[in-house]
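The next block is work23.txt, given as compact mmCIF, C-alpha atoms and all ligand atoms.
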# COMPACT_ATOMS: atom_id res chain seq x y z
CA MET A 54 98.77 92.58 95.03
CA ALA A 55 101.20 94.27 97.32
CA SER A 56 100.61 93.67 100.99
CA LEU A 57 102.62 93.42 104.17
CA MET A 58 101.98 93.33 107.89
CA LEU A 59 103.07 95.55 110.79
CA SER A 60 102.16 94.38 114.26
CA GLY A 61 100.88 96.81 116.91
CA ALA A 62 103.33 99.02 118.72
CA GLU A 63 104.68 98.39 122.24
CA ASN A 64 106.05 101.18 124.45
CA THR A 65 109.62 101.70 123.28
CA LYS A 66 112.07 104.32 122.10
CA LEU A 67 113.38 102.90 118.89
CA ILE A 68 111.77 100.89 116.26
CA ASN A 69 113.53 97.94 114.82
CA SER A 70 111.61 97.16 111.68
CA ILE A 71 112.04 94.75 108.88
CA VAL A 72 110.81 96.53 105.79
CA PRO A 73 110.54 95.02 102.36
CA SER A 74 113.00 96.40 99.87
CA GLY A 75 111.26 98.54 97.27
CA LEU A 76 108.60 99.75 99.67
CA GLY A 77 110.67 102.51 101.24
CA SER A 78 111.10 103.09 104.94
CA VAL A 79 108.38 103.35 107.56
CA SER A 80 108.86 106.50 109.60
CA LEU A 81 107.06 106.40 112.91
CA ASN A 82 106.39 109.72 114.61
CA PHE A 83 105.01 109.89 118.12
CA HIS A 84 105.01 113.28 119.86
CA LYS A 85 102.90 112.18 122.75
CA LYS A 86 104.26 108.74 123.53
CA CYS A 87 107.49 107.31 122.26
CA PHE A 88 107.95 103.62 122.09
CA LEU A 89 110.29 100.96 120.93
CA ARG A 90 109.02 98.06 119.00
CA LYS A 91 110.03 95.16 116.87
CA ASN A 92 108.05 94.79 113.67
CA ALA A 93 108.03 91.78 111.44
CA VAL A 94 107.14 92.99 108.00
CA SER A 95 106.87 90.60 105.12
CA TYR A 96 106.62 91.27 101.41
CA GLY A 97 107.30 88.44 99.04
CA ASN A 98 110.56 86.90 100.16
CA LYS A 99 112.63 90.07 100.39
CA TYR A 100 113.41 91.67 103.74
CA ARG A 101 115.74 94.32 105.01
CA THR A 102 116.15 95.52 108.54
CA ILE A 103 116.22 99.20 109.46
CA ASN A 104 116.17 101.20 112.66
CA LEU A 105 113.71 104.03 112.89
CA THR A 106 113.26 106.77 115.42
CA PRO A 107 109.59 107.33 116.20
CA ARG A 108 107.93 110.72 115.99
CA CYS A 109 104.19 110.41 115.88
CA SER A 110 101.31 112.77 115.82
CA VAL A 111 98.27 111.50 117.68
CA SER A 112 96.17 114.45 116.63
CA SER A 113 92.52 113.69 116.19
CA THR A 114 91.57 116.90 114.43
CA ARG A 115 93.42 118.46 111.51
CA PRO A 116 95.96 121.17 112.21
CA SER A 117 95.02 124.50 110.59
CA SER A 118 98.18 124.29 108.44
CA GLN A 119 96.52 121.39 106.62
CA PRO A 120 93.22 122.56 105.13
CA ARG A 121 91.94 119.15 103.87
CA PHE A 122 89.00 120.68 102.12
CA ILE A 123 86.76 117.59 102.04
CA GLN A 124 87.51 116.30 105.54
CA HIS A 125 84.20 117.74 106.69
CA LYS A 126 80.83 116.03 106.88
CA LYS A 127 78.87 118.45 104.72
CA GLU A 128 81.56 118.74 102.06
CA ALA A 129 81.91 114.93 101.97
CA PHE A 130 78.13 114.66 101.65
CA TRP A 131 78.07 116.87 98.54
CA PHE A 132 81.28 115.38 97.16
CA TYR A 133 79.53 112.00 97.16
CA ARG A 134 76.33 113.51 95.80
CA PHE A 135 78.25 113.76 92.50
CA LEU A 136 80.93 111.08 92.87
CA SER A 137 78.29 108.42 93.57
CA ILE A 138 77.20 108.69 89.90
CA VAL A 139 80.52 107.26 88.69
CA TYR A 140 81.96 105.79 91.92
CA ASP A 141 81.72 102.10 91.05
CA ASN A 142 83.20 102.61 87.59
CA MET A 143 85.99 104.94 88.62
CA LEU A 144 87.36 104.08 92.02
CA ASN A 145 86.82 100.37 92.02
CA PHE A 146 88.40 100.08 88.61
CA GLY A 147 91.71 101.68 89.62
CA PRO A 148 92.91 102.39 93.18
CA TRP A 149 90.49 100.05 95.00
CA THR A 150 90.29 96.77 93.15
CA GLU A 151 88.59 93.47 94.03
CA ASP A 152 91.89 91.73 94.80
CA MET A 153 92.89 94.63 97.09
CA ARG A 154 89.54 94.30 98.85
CA GLU A 155 90.11 90.56 99.47
CA GLU A 156 93.62 91.28 100.83
CA ALA A 157 92.30 94.06 103.06
CA LEU A 158 89.42 92.01 104.49
CA GLU A 159 91.49 88.90 105.17
CA PRO A 160 92.78 90.08 108.62
CA VAL A 161 89.24 90.71 109.94
CA ASP A 162 88.67 86.98 110.04
CA LEU A 163 85.14 86.52 108.70
CA TYR A 164 85.00 82.79 109.39
CA ASP A 165 81.34 82.32 110.39
CA ARG A 166 78.30 83.08 108.19
CA ASN A 167 76.29 83.98 111.30
CA MET A 168 78.57 86.79 112.41
CA ARG A 169 76.93 90.17 112.88
CA VAL A 170 78.88 92.71 110.81
CA VAL A 171 78.59 96.47 110.43
CA ASP A 172 80.10 98.15 107.36
CA VAL A 173 80.57 101.81 108.26
CA GLY A 174 80.86 104.28 105.38
CA GLY A 175 79.76 101.33 103.26
CA GLY A 176 78.81 103.61 100.34
CA THR A 177 77.80 101.77 97.18
CA GLY A 178 78.48 98.46 98.91
CA PHE A 179 81.78 97.59 97.22
CA SER A 180 83.42 96.52 100.48
CA THR A 181 80.15 94.84 101.56
CA LEU A 182 80.26 92.66 98.44
CA GLY A 183 83.51 91.25 99.85
CA ILE A 184 81.94 90.75 103.29
CA VAL A 185 78.85 88.85 102.08
CA LYS A 186 81.10 86.25 100.47
CA HIS A 187 81.83 85.07 104.03
CA VAL A 188 78.83 86.22 106.09
CA ASP A 189 75.08 85.94 105.40
CA ALA A 190 73.81 89.25 103.99
CA LYS A 191 70.95 89.33 106.52
CA ASN A 192 73.55 89.72 109.29
CA VAL A 193 75.25 92.69 107.65
CA THR A 194 74.34 96.37 108.16
CA ILE A 195 75.63 99.06 105.81
CA ILE A 196 75.70 102.55 107.23
CA ASP A 197 76.68 105.72 105.38
CA GLN A 198 75.91 109.43 105.61
CA SER A 199 75.25 109.61 101.84
CA PRO A 200 71.81 108.48 100.64
CA HIS A 201 73.13 108.76 97.09
CA GLN A 202 75.86 106.20 97.72
CA LEU A 203 73.42 103.93 99.59
CA ALA A 204 70.94 104.08 96.71
CA LYS A 205 73.57 102.30 94.58
CA ALA A 206 74.13 99.66 97.27
CA LYS A 207 70.38 98.97 97.48
CA LYS A 208 70.33 98.02 93.78
CA LYS A 209 72.96 95.29 94.16
CA GLU A 210 71.45 91.80 94.17
CA PRO A 211 73.88 90.17 96.69
CA LEU A 212 73.14 93.01 99.14
CA LYS A 213 69.34 92.73 98.95
CA GLU A 214 69.08 91.21 102.43
CA CYS A 215 71.50 93.64 104.10
CA THR A 216 70.13 96.33 106.41
CA ILE A 217 70.98 99.66 104.81
CA ILE A 218 70.77 102.82 106.90
CA GLU A 219 71.87 106.44 106.84
CA GLY A 220 74.07 107.47 109.73
CA ASP A 221 77.29 108.97 111.01
CA ALA A 222 80.47 107.01 111.70
CA GLU A 223 81.11 109.17 114.76
CA ASN A 224 77.72 108.39 116.26
CA LEU A 225 76.64 104.89 115.29
CA PRO A 226 72.99 103.90 115.80
CA PHE A 227 73.90 100.59 117.43
CA PRO A 228 73.92 99.57 121.10
CA THR A 229 77.18 98.92 122.92
CA ASP A 230 78.53 95.35 122.51
CA TYR A 231 76.42 94.79 119.38
CA ALA A 232 78.55 93.43 116.52
CA ASP A 233 81.09 90.66 115.99
CA ARG A 234 82.91 92.60 113.30
CA TYR A 235 83.27 96.28 112.42
CA VAL A 236 84.49 97.09 108.90
CA SER A 237 85.08 100.53 107.45
CA ALA A 238 86.77 100.91 104.08
CA GLY A 239 87.84 104.24 102.63
CA SER A 240 85.73 106.41 104.89
CA ILE A 241 88.03 107.60 107.71
CA GLU A 242 89.59 110.18 105.38
CA TYR A 243 86.36 112.21 105.53
CA TRP A 244 85.83 112.02 109.28
CA PRO A 245 86.62 115.35 110.97
CA ASP A 246 87.58 113.45 114.14
CA PRO A 247 88.97 109.99 113.25
CA GLN A 248 89.75 109.14 116.86
CA ARG A 249 86.05 109.51 117.70
CA GLY A 250 85.06 107.19 114.86
CA ILE A 251 87.51 104.52 116.09
CA LYS A 252 86.21 104.92 119.64
CA GLU A 253 82.72 104.22 118.23
CA ALA A 254 84.05 101.11 116.49
CA TYR A 255 85.23 99.90 119.90
CA ARG A 256 81.91 100.67 121.59
CA VAL A 257 79.68 98.81 119.12
CA LEU A 258 81.80 95.65 119.08
CA LYS A 259 81.17 92.70 121.39
CA ILE A 260 83.97 91.53 123.67
CA GLY A 261 86.48 89.68 121.47
CA GLY A 262 85.04 91.40 118.38
CA LYS A 263 87.36 92.69 115.70
CA ALA A 264 87.51 96.06 113.94
CA CYS A 265 89.01 96.49 110.49
CA LEU A 266 89.67 99.94 109.18
CA ILE A 267 90.89 100.25 105.60
CA GLY A 268 92.18 103.66 104.58
CA PRO A 269 94.69 105.91 102.88
CA VAL A 270 98.33 106.38 103.78
CA HIS A 271 100.21 109.65 103.76
CA PRO A 272 102.57 110.37 100.84
CA THR A 273 106.20 111.42 101.24
CA PHE A 274 106.71 112.91 97.75
CA TRP A 275 106.13 116.69 97.98
CA LEU A 276 103.62 117.12 95.13
CA SER A 277 101.52 114.15 96.19
CA GLN A 278 101.67 115.43 99.76
CA PHE A 279 100.43 118.84 98.63
CA PHE A 280 97.34 117.43 96.88
CA ALA A 281 96.68 114.80 99.54
CA ASP A 282 96.68 117.39 102.32
CA MET A 283 94.45 119.65 100.26
CA TRP A 284 91.90 116.96 99.59
CA MET A 285 91.30 114.85 102.72
CA LEU A 286 92.94 112.99 105.59
CA PHE A 287 95.80 110.69 104.58
CA PRO A 288 96.91 109.40 108.02
CA LYS A 289 100.37 108.08 108.73
CA GLU A 290 100.56 104.38 109.55
CA GLU A 291 101.57 105.08 113.14
CA GLU A 292 98.57 107.37 113.60
CA TYR A 293 96.19 104.51 112.79
CA ILE A 294 97.95 102.28 115.32
CA GLN A 295 97.89 104.98 117.98
CA TRP A 296 94.17 105.76 117.43
CA PHE A 297 93.35 102.06 117.82
CA LYS A 298 95.44 101.76 120.97
CA ASN A 299 93.97 104.96 122.43
CA ALA A 300 90.48 103.57 121.89
CA GLY A 301 91.41 100.48 123.92
CA PHE A 302 91.98 97.91 121.17
CA LYS A 303 94.47 95.10 121.71
CA ASP A 304 96.42 93.06 119.19
CA VAL A 305 96.56 96.02 116.79
CA LYS A 306 98.00 95.14 113.40
CA LEU A 307 98.52 97.07 110.19
CA LYS A 308 98.67 95.35 106.83
CA ARG A 309 99.89 97.31 103.84
CA ILE A 310 97.88 97.03 100.65
CA GLY A 311 98.14 98.64 97.23
CA PRO A 312 97.43 98.12 93.54
CA LYS A 313 99.81 95.54 92.05
CA TRP A 314 100.98 97.91 89.32
CA TYR A 315 102.45 100.24 91.98
CA ARG A 316 105.07 97.52 92.67
CA GLY A 317 105.02 98.48 96.34
CA VAL A 318 105.64 102.21 95.77
CA ARG A 319 104.23 104.25 98.67
CA ARG A 320 105.88 107.66 98.24
CA HIS A 321 102.76 109.02 96.49
CA GLY A 322 100.53 107.79 99.27
CA LEU A 323 97.55 105.56 98.49
CA ILE A 324 93.80 106.11 98.66
CA MET A 325 93.55 102.56 99.98
CA GLY A 326 96.93 101.85 101.52
CA CYS A 327 96.42 99.80 104.66
CA SER A 328 94.07 97.58 106.62
CA VAL A 329 94.28 98.07 110.39
CA THR A 330 92.75 95.57 112.80
CA GLY A 331 92.28 95.45 116.54
CA VAL A 332 90.45 93.24 119.05
CA LYS A 333 88.11 94.55 121.77
CA PRO A 334 89.39 93.03 125.03
CA LEU A 335 86.56 94.01 127.43
CA SER A 336 82.84 94.60 127.08
CA GLY A 337 81.37 98.10 127.38
CA ASP A 338 82.37 101.50 126.06
CA SER A 339 85.90 102.58 125.19
CA PRO A 340 87.95 103.83 128.15
CA LEU A 341 88.90 106.87 126.06
CA GLN A 342 87.21 110.14 127.06
CA LEU A 343 86.69 112.77 124.36
CA GLY A 344 85.25 116.27 124.43
CA PRO A 345 82.33 117.49 122.32
CA LYS A 346 82.10 116.64 118.61
CA VAL A 347 84.15 118.73 116.19
CA GLU A 348 81.45 118.93 113.53
CA ASP A 349 77.86 118.03 112.90
CA LEU A 350 76.14 117.47 109.56
CA GLU A 351 73.14 119.48 110.76
CA LYS A 352 75.20 122.52 111.74
CA PRO A 353 74.83 125.40 109.21
CA VAL A 354 78.00 126.41 107.33
CA ASN A 355 78.93 129.55 105.41
CA PRO A 356 77.87 128.75 101.81
CA LEU A 357 80.87 130.55 100.25
CA VAL A 358 83.39 128.78 102.46
CA PHE A 359 81.60 125.52 101.83
CA LEU A 360 81.62 125.93 98.02
CA SER A 361 85.29 126.98 97.93
CA ARG A 362 86.26 123.94 100.00
CA LEU A 363 84.22 121.63 97.79
CA ILE A 364 85.74 122.95 94.54
CA LEU A 365 89.33 123.06 95.82
CA GLY A 366 88.96 119.62 97.37
CA ALA A 367 87.56 118.20 94.13
CA ILE A 368 90.48 119.70 92.16
CA ALA A 369 92.96 118.10 94.56
CA ALA A 370 91.10 114.78 94.24
CA THR A 371 91.65 114.88 90.46
CA TYR A 372 95.40 114.45 91.04
CA TYR A 373 94.64 111.13 92.73
CA THR A 374 92.62 109.94 89.75
CA ILE A 375 95.52 110.68 87.37
CA LEU A 376 98.22 109.20 89.62
CA PRO A 377 97.15 105.53 89.30
CA ILE A 378 97.12 105.93 85.49
CA TYR A 379 100.64 107.42 85.59
CA MET A 380 101.80 104.53 87.79
CA TRP A 381 100.14 102.02 85.48
CA ILE A 382 101.98 103.48 82.46
CA LYS A 383 105.28 103.33 84.40
CA ASP A 384 104.56 99.72 85.28
CA GLN A 385 104.04 98.93 81.59
CA ILE A 386 107.22 100.70 80.48
CA VAL A 387 109.79 99.83 83.18
CA PRO A 388 111.10 96.24 82.89
CA LYS A 389 109.64 93.84 85.45
CA GLY A 390 111.67 93.44 88.63
CA ARG A 391 113.02 97.02 88.43
CA PRO A 392 111.82 99.73 90.84
CA ILE A 393 109.48 102.37 89.41
C1 LIG A 401 85.44 106.06 99.40
S1 LIG A 401 83.77 105.73 99.89
C2 LIG A 401 83.94 104.07 100.45
C3 LIG A 401 82.73 103.24 100.16
C4 LIG A 401 82.88 101.76 100.42
N1 LIG A 401 83.22 101.47 101.78
C5 LIG A 401 83.88 101.12 99.48
O1 LIG A 401 84.72 100.36 99.94
O2 LIG A 401 83.82 101.37 98.28
C6 LIG A 401 83.62 106.65 101.39
C7 LIG A 401 82.24 106.64 101.97
O3 LIG A 401 82.29 107.16 103.31
C8 LIG A 401 81.09 107.88 103.53
N2 LIG A 401 81.28 108.79 104.66
C9 LIG A 401 82.06 109.88 104.75
N3 LIG A 401 81.97 110.43 105.97
C10 LIG A 401 81.11 109.67 106.69
C11 LIG A 401 80.59 109.72 108.02
N4 LIG A 401 80.98 110.66 108.87
N5 LIG A 401 79.73 108.77 108.39
C12 LIG A 401 79.32 107.80 107.55
N6 LIG A 401 79.76 107.70 106.28
C13 LIG A 401 80.66 108.61 105.85
C14 LIG A 401 80.85 108.59 102.20
O4 LIG A 401 79.53 109.02 102.07
C15 LIG A 401 81.25 107.50 101.22
O5 LIG A 401 80.17 106.73 100.80
Same coordinates, now as structure tokens:
Amino acid sequence: MASLMLSGAENTKLINSIVPSGLGSVSLNFHKKCFLRKNAVSYGNKYRTINLTPRCSVSSTRPSSQPRFIQHKKEAFWFYRFLSIVYDNMLNFGPWTEDMREEALEPVDLYDRNMRVVDVGGGTGFSTLGIVKHVDAKNVTIIDQSPHQLAKAKKKEPLKECTIIEGDAENLPFPTDYADRYVSAGSIEYWPDPQRGIKEAYRVLKIGGKACLIGPVHPTFWLSQFFADMWMLFPKEEEYIQWFKNAGFKDVKLKRIGPKWYRGVRRHGLIMGCSVTGVKPLSGDSPLQLGPKVEDLEKPVNPLVFLSRLILGAIAATYYTILPIYMWIKDQIVPKGRPI
């Protein structure tokens, strides 16, 4: 399993990173705030040092130039109405494997069985199955906007004692300072306003509590970029870090993850490409102030626009089901130790 760690950014102008060879460079883009930082990145035993100039978008909503057809609540709801039928067989077989899940959950530090954990966008409970290995199921709440995904989670024996509820990641039905750990795996890409979701993560955590957000990373190869931006949100690594910092989190860290047969390749982006963690330093709500919500599931949408988005988004998603197979074939063909 490919994984590496980037520590949270400090205010600087240049970035002096150590990036593993074979993983490509990390380009950090900050429009709003520029900062210099020193990152220790490890991957196996190979390191190389590069200097990077940061340019980072801290946008919370998508620019109109990037349609992201399924990065809407209603479209995501219907997308999962159908995907939930095959979700566990398809996704968890290829781009989101059990060993990736263990790697991704490791930084959230689930060391006590009595910890109160919320799994936001928990879906069929695949990420929750990793959580309940370390925490008693009765202390874990799964929340998702899709009843179809949750119906699958409810059938899983190890999750029988979990609390399973429908709800929105941007408006969590928990009091402030409620949980010891917040986990959300593979859900941020559908949130119309990711910054708001991360602000909610901050709010519901207790002081000293830790959030862990596992999500996609943006591709650099043009074709992959085209389909990624058509389908859903593939944030850049620096955007995750900035969203966490904006929300008030401290000790923000990003760990790269990926299927082992990718051999560290990141140019095509990844559906599950990183695990970002941050610690809540003070009790109470996030210091970040946001305006009104971008979207609401209850709000009516134009049925034609909705259907076009759903179909186009689903077509773009197909590319990302073929890609892991293509990478797997390359991994089989290209001699071990050579880049693919
Ligand atoms: C790729 S699945 C991830 C499921 C699970 N966490 C896992 O690791 O397999 C994404 C999930 O996020 C849910 N989701 C999307 N937008 C959401 C929102 N605004 N609030 C809550 N759940 C959401 C979807 O319904 C879906 O079940």
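CA of Ile218 in chain A to atom C7 of ligand LIG 401 (chain A) spans 13.1 Å [interatomic distance, one decimal].
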For range 278-288 of chain A, work out the shell of residues within 7 Å, counting all atoms listed in the file and skipping chain neighbours fewer than 3 positions away, then give it as a ChimeraX atom specification. /A:119-124,242-243,269-275,292-293,366,369-370,372
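Among the candidate residues A:Asp189, A:Glu156, A:Asp338, A:Glu223, the one lying nearest to ligand LIG 401 (chain A) is A:Glu223, with distances computed using only C-alpha atoms and all ligand atoms.
Pairwise distance (atom O1 of ligand LIG 401 (chain A), CA of Arg249 in chain A) equals 20.0 Å.
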If you count all atoms listed in the file, which residues end up within 8 Å of ligand LIG 401 (chain A), as a CSV table (one decimal) with C-alpha atoms, keeping the file's coordinate frame?
chain,number,residue,atom,x,y,z
A,125,HIS,CA,84.2,117.7,106.7
A,126,LYS,CA,80.8,116.0,106.9
A,129,ALA,CA,81.9,114.9,102.0
A,130,PHE,CA,78.1,114.7,101.6
A,133,TYR,CA,79.5,112.0,97.2
A,137,SER,CA,78.3,108.4,93.6
A,140,TYR,CA,82.0,105.8,91.9
A,141,ASP,CA,81.7,102.1,91.0
A,144,LEU,CA,87.4,104.1,92.0
A,145,ASN,CA,86.8,100.4,92.0
A,149,TRP,CA,90.5,100.0,95.0
A,154,ARG,CA,89.5,94.3,98.8
A,172,ASP,CA,80.1,98.2,107.4
A,173,VAL,CA,80.6,101.8,108.3
A,174,GLY,CA,80.9,104.3,105.4
A,175,GLY,CA,79.8,101.3,103.3
A,176,GLY,CA,78.8,103.6,100.3
A,177,THR,CA,77.8,101.8,97.2
A,178,GLY,CA,78.5,98.5,98.9
A,179,PHE,CA,81.8,97.6,97.2
A,180,SER,CA,83.4,96.5,100.5
A,181,THR,CA,80.2,94.8,101.6
A,196,ILE,CA,75.7,102.6,107.2
A,197,ASP,CA,76.7,105.7,105.4
A,198,GLN,CA,75.9,109.4,105.6
A,199,SER,CA,75.2,109.6,101.8
A,200,PRO,CA,71.8,108.5,100.6
A,202,GLN,CA,75.9,106.2,97.7
A,203,LEU,CA,73.4,103.9,99.6
A,219,GLU,CA,71.9,106.4,106.8
A,220,GLY,CA,74.1,107.5,109.7
A,221,ASP,CA,77.3,109.0,111.0
A,222,ALA,CA,80.5,107.0,111.7
A,223,GLU,CA,81.1,109.2,114.8
A,237,SER,CA,85.1,100.5,107.4
A,238,ALA,CA,86.8,100.9,104.1
A,239,GLY,CA,87.8,104.2,102.6
A,240,SER,CA,85.7,106.4,104.9
A,241,ILE,CA,88.0,107.6,107.7
A,242,GLU,CA,89.6,110.2,105.4
A,243,TYR,CA,86.4,112.2,105.5
A,244,TRP,CA,85.8,112.0,109.3
A,245,PRO,CA,86.6,115.4,111.0
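Taking CA of Glu155 in chain A and CA of Ser339 in chain A as the two end points, the separation is 28.7 Å.
Nearest to Ser328 in chain A of all the residues A:Asp233, A:Glu159, A:Asp152, A:Glu128 is A:Glu159, counting only C-alpha atoms.
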Ranking A:Asp230, A:Asp304, A:Glu151, A:Asp165 by minimum distance to Cys265 in chain A and counting only C-alpha atoms, which one comes first? A:Asp304
List every protein, DNA or RNA residue that has at least one atom no more than 10 Å from (82.8, 92.1, 119.8) in the file's coordinates, counting only C-alpha atoms, and write the result as a compact mmCIF listing (two decimals) with C-alpha atoms, keeping the file's coordinate frame.
# COMPACT_ATOMS: atom_id res chain seq x y z
CA ARG A 169 76.93 90.17 112.88
CA VAL A 170 78.88 92.71 110.81
CA THR A 229 77.18 98.92 122.92
CA ASP A 230 78.53 95.35 122.51
CA TYR A 231 76.42 94.79 119.38
CA ALA A 232 78.55 93.43 116.52
CA ASP A 233 81.09 90.66 115.99
CA ARG A 234 82.91 92.60 113.30
CA TYR A 235 83.27 96.28 112.42
CA ALA A 254 84.05 101.11 116.49
CA TYR A 255 85.23 99.90 119.90
CA ARG A 256 81.91 100.67 121.59
CA VAL A 257 79.68 98.81 119.12
CA LEU A 258 81.80 95.65 119.08
CA LYS A 259 81.17 92.70 121.39
CA ILE A 260 83.97 91.53 123.67
CA GLY A 261 86.48 89.68 121.47
CA GLY A 262 85.04 91.40 118.38
CA LYS A 263 87.36 92.69 115.70
CA ALA A 264 87.51 96.06 113.94
CA VAL A 332 90.45 93.24 119.05
CA LYS A 333 88.11 94.55 121.77
CA PRO A 334 89.39 93.03 125.03
CA LEU A 335 86.56 94.01 127.43
CA SER A 336 82.84 94.60 127.08
CA GLY A 337 81.37 98.10 127.38
Missing atoms in range 173-190 of chain A: fill them in up to N, CA and C atoms and send the result as an mmCIF file, in the frame of the given file.
data_model
loop_
_atom_site.group_PDB
_atom_site.id
_atom_site.type_symbol
_atom_site.label_atom_id
_atom_site.label_comp_id
_atom_site.auth_asym_id
_atom_site.auth_seq_id
_atom_site.Cartn_x
_atom_site.Cartn_y
_atom_site.Cartn_z
ATOM 1 N N VAL A 173 80.771 100.373 108.009
ATOM 2 C CA VAL A 173 80.570 101.810 108.260
ATOM 3 C C VAL A 173 81.206 102.641 107.141
ATOM 4 N N GLY A 174 80.419 103.559 106.578
ATOM 5 C CA GLY A 174 80.860 104.280 105.380
ATOM 6 C C GLY A 174 80.846 103.311 104.218
ATOM 7 N N GLY A 175 79.849 102.429 104.232
ATOM 8 C CA GLY A 175 79.760 101.330 103.260
ATOM 9 C C GLY A 175 79.477 101.787 101.839
ATOM 10 N N GLY A 176 78.989 103.007 101.665
ATOM 11 C CA GLY A 176 78.810 103.610 100.340
ATOM 12 C C GLY A 176 77.973 102.778 99.392
ATOM 13 N N THR A 177 78.528 102.508 98.221
ATOM 14 C CA THR A 177 77.800 101.770 97.180
ATOM 15 C C THR A 177 77.840 100.262 97.437
ATOM 16 N N GLY A 178 78.483 99.871 98.531
ATOM 17 C CA GLY A 178 78.480 98.460 98.910
ATOM 18 C C GLY A 178 79.636 97.653 98.312
ATOM 19 N N PHE A 179 80.660 98.331 97.820
ATOM 20 C CA PHE A 179 81.780 97.590 97.220
ATOM 21 C C PHE A 179 82.497 96.725 98.265
ATOM 22 N N SER A 180 82.762 97.321 99.432
ATOM 23 C CA SER A 180 83.420 96.520 100.480
ATOM 24 C C SER A 180 82.454 95.451 101.005
ATOM 25 N N THR A 181 81.151 95.801 101.047
ATOM 26 C CA THR A 181 80.150 94.840 101.560
ATOM 27 C C THR A 181 80.075 93.609 100.649
ATOM 28 N N LEU A 182 80.290 93.808 99.344
ATOM 29 C CA LEU A 182 80.260 92.660 98.440
ATOM 30 C C LEU A 182 81.346 91.647 98.818
ATOM 31 N N GLY A 183 82.443 92.142 99.355
ATOM 32 C CA GLY A 183 83.510 91.250 99.850
ATOM 33 C C GLY A 183 83.089 90.577 101.144
ATOM 34 N N ILE A 184 82.359 91.299 101.987
ATOM 35 C CA ILE A 184 81.940 90.750 103.290
ATOM 36 C C ILE A 184 80.909 89.627 103.104
ATOM 37 N N VAL A 185 79.934 89.847 102.223
ATOM 38 C CA VAL A 185 78.850 88.850 102.080
ATOM 39 C C VAL A 185 79.307 87.559 101.392
ATOM 40 N N LYS A 186 80.541 87.520 100.958
ATOM 41 C CA LYS A 186 81.100 86.250 100.470
ATOM 42 C C LYS A 186 81.311 85.292 101.644
ATOM 43 N N HIS A 187 81.495 85.874 102.851
ATOM 44 C CA HIS A 187 81.830 85.070 104.030
ATOM 45 C C HIS A 187 80.734 85.063 105.098
ATOM 46 N N VAL A 188 79.846 86.057 105.055
ATOM 47 C CA VAL A 188 78.830 86.220 106.090
ATOM 48 C C VAL A 188 77.463 86.364 105.405
ATOM 49 N N ASP A 189 76.407 85.803 105.994
ATOM 50 C CA ASP A 189 75.080 85.940 105.400
ATOM 51 C C ASP A 189 74.680 87.411 105.349
ATOM 52 N N ALA A 190 74.148 87.827 104.197
ATOM 53 C CA ALA A 190 73.810 89.250 103.990
ATOM 54 C C ALA A 190 72.828 89.763 105.050
#
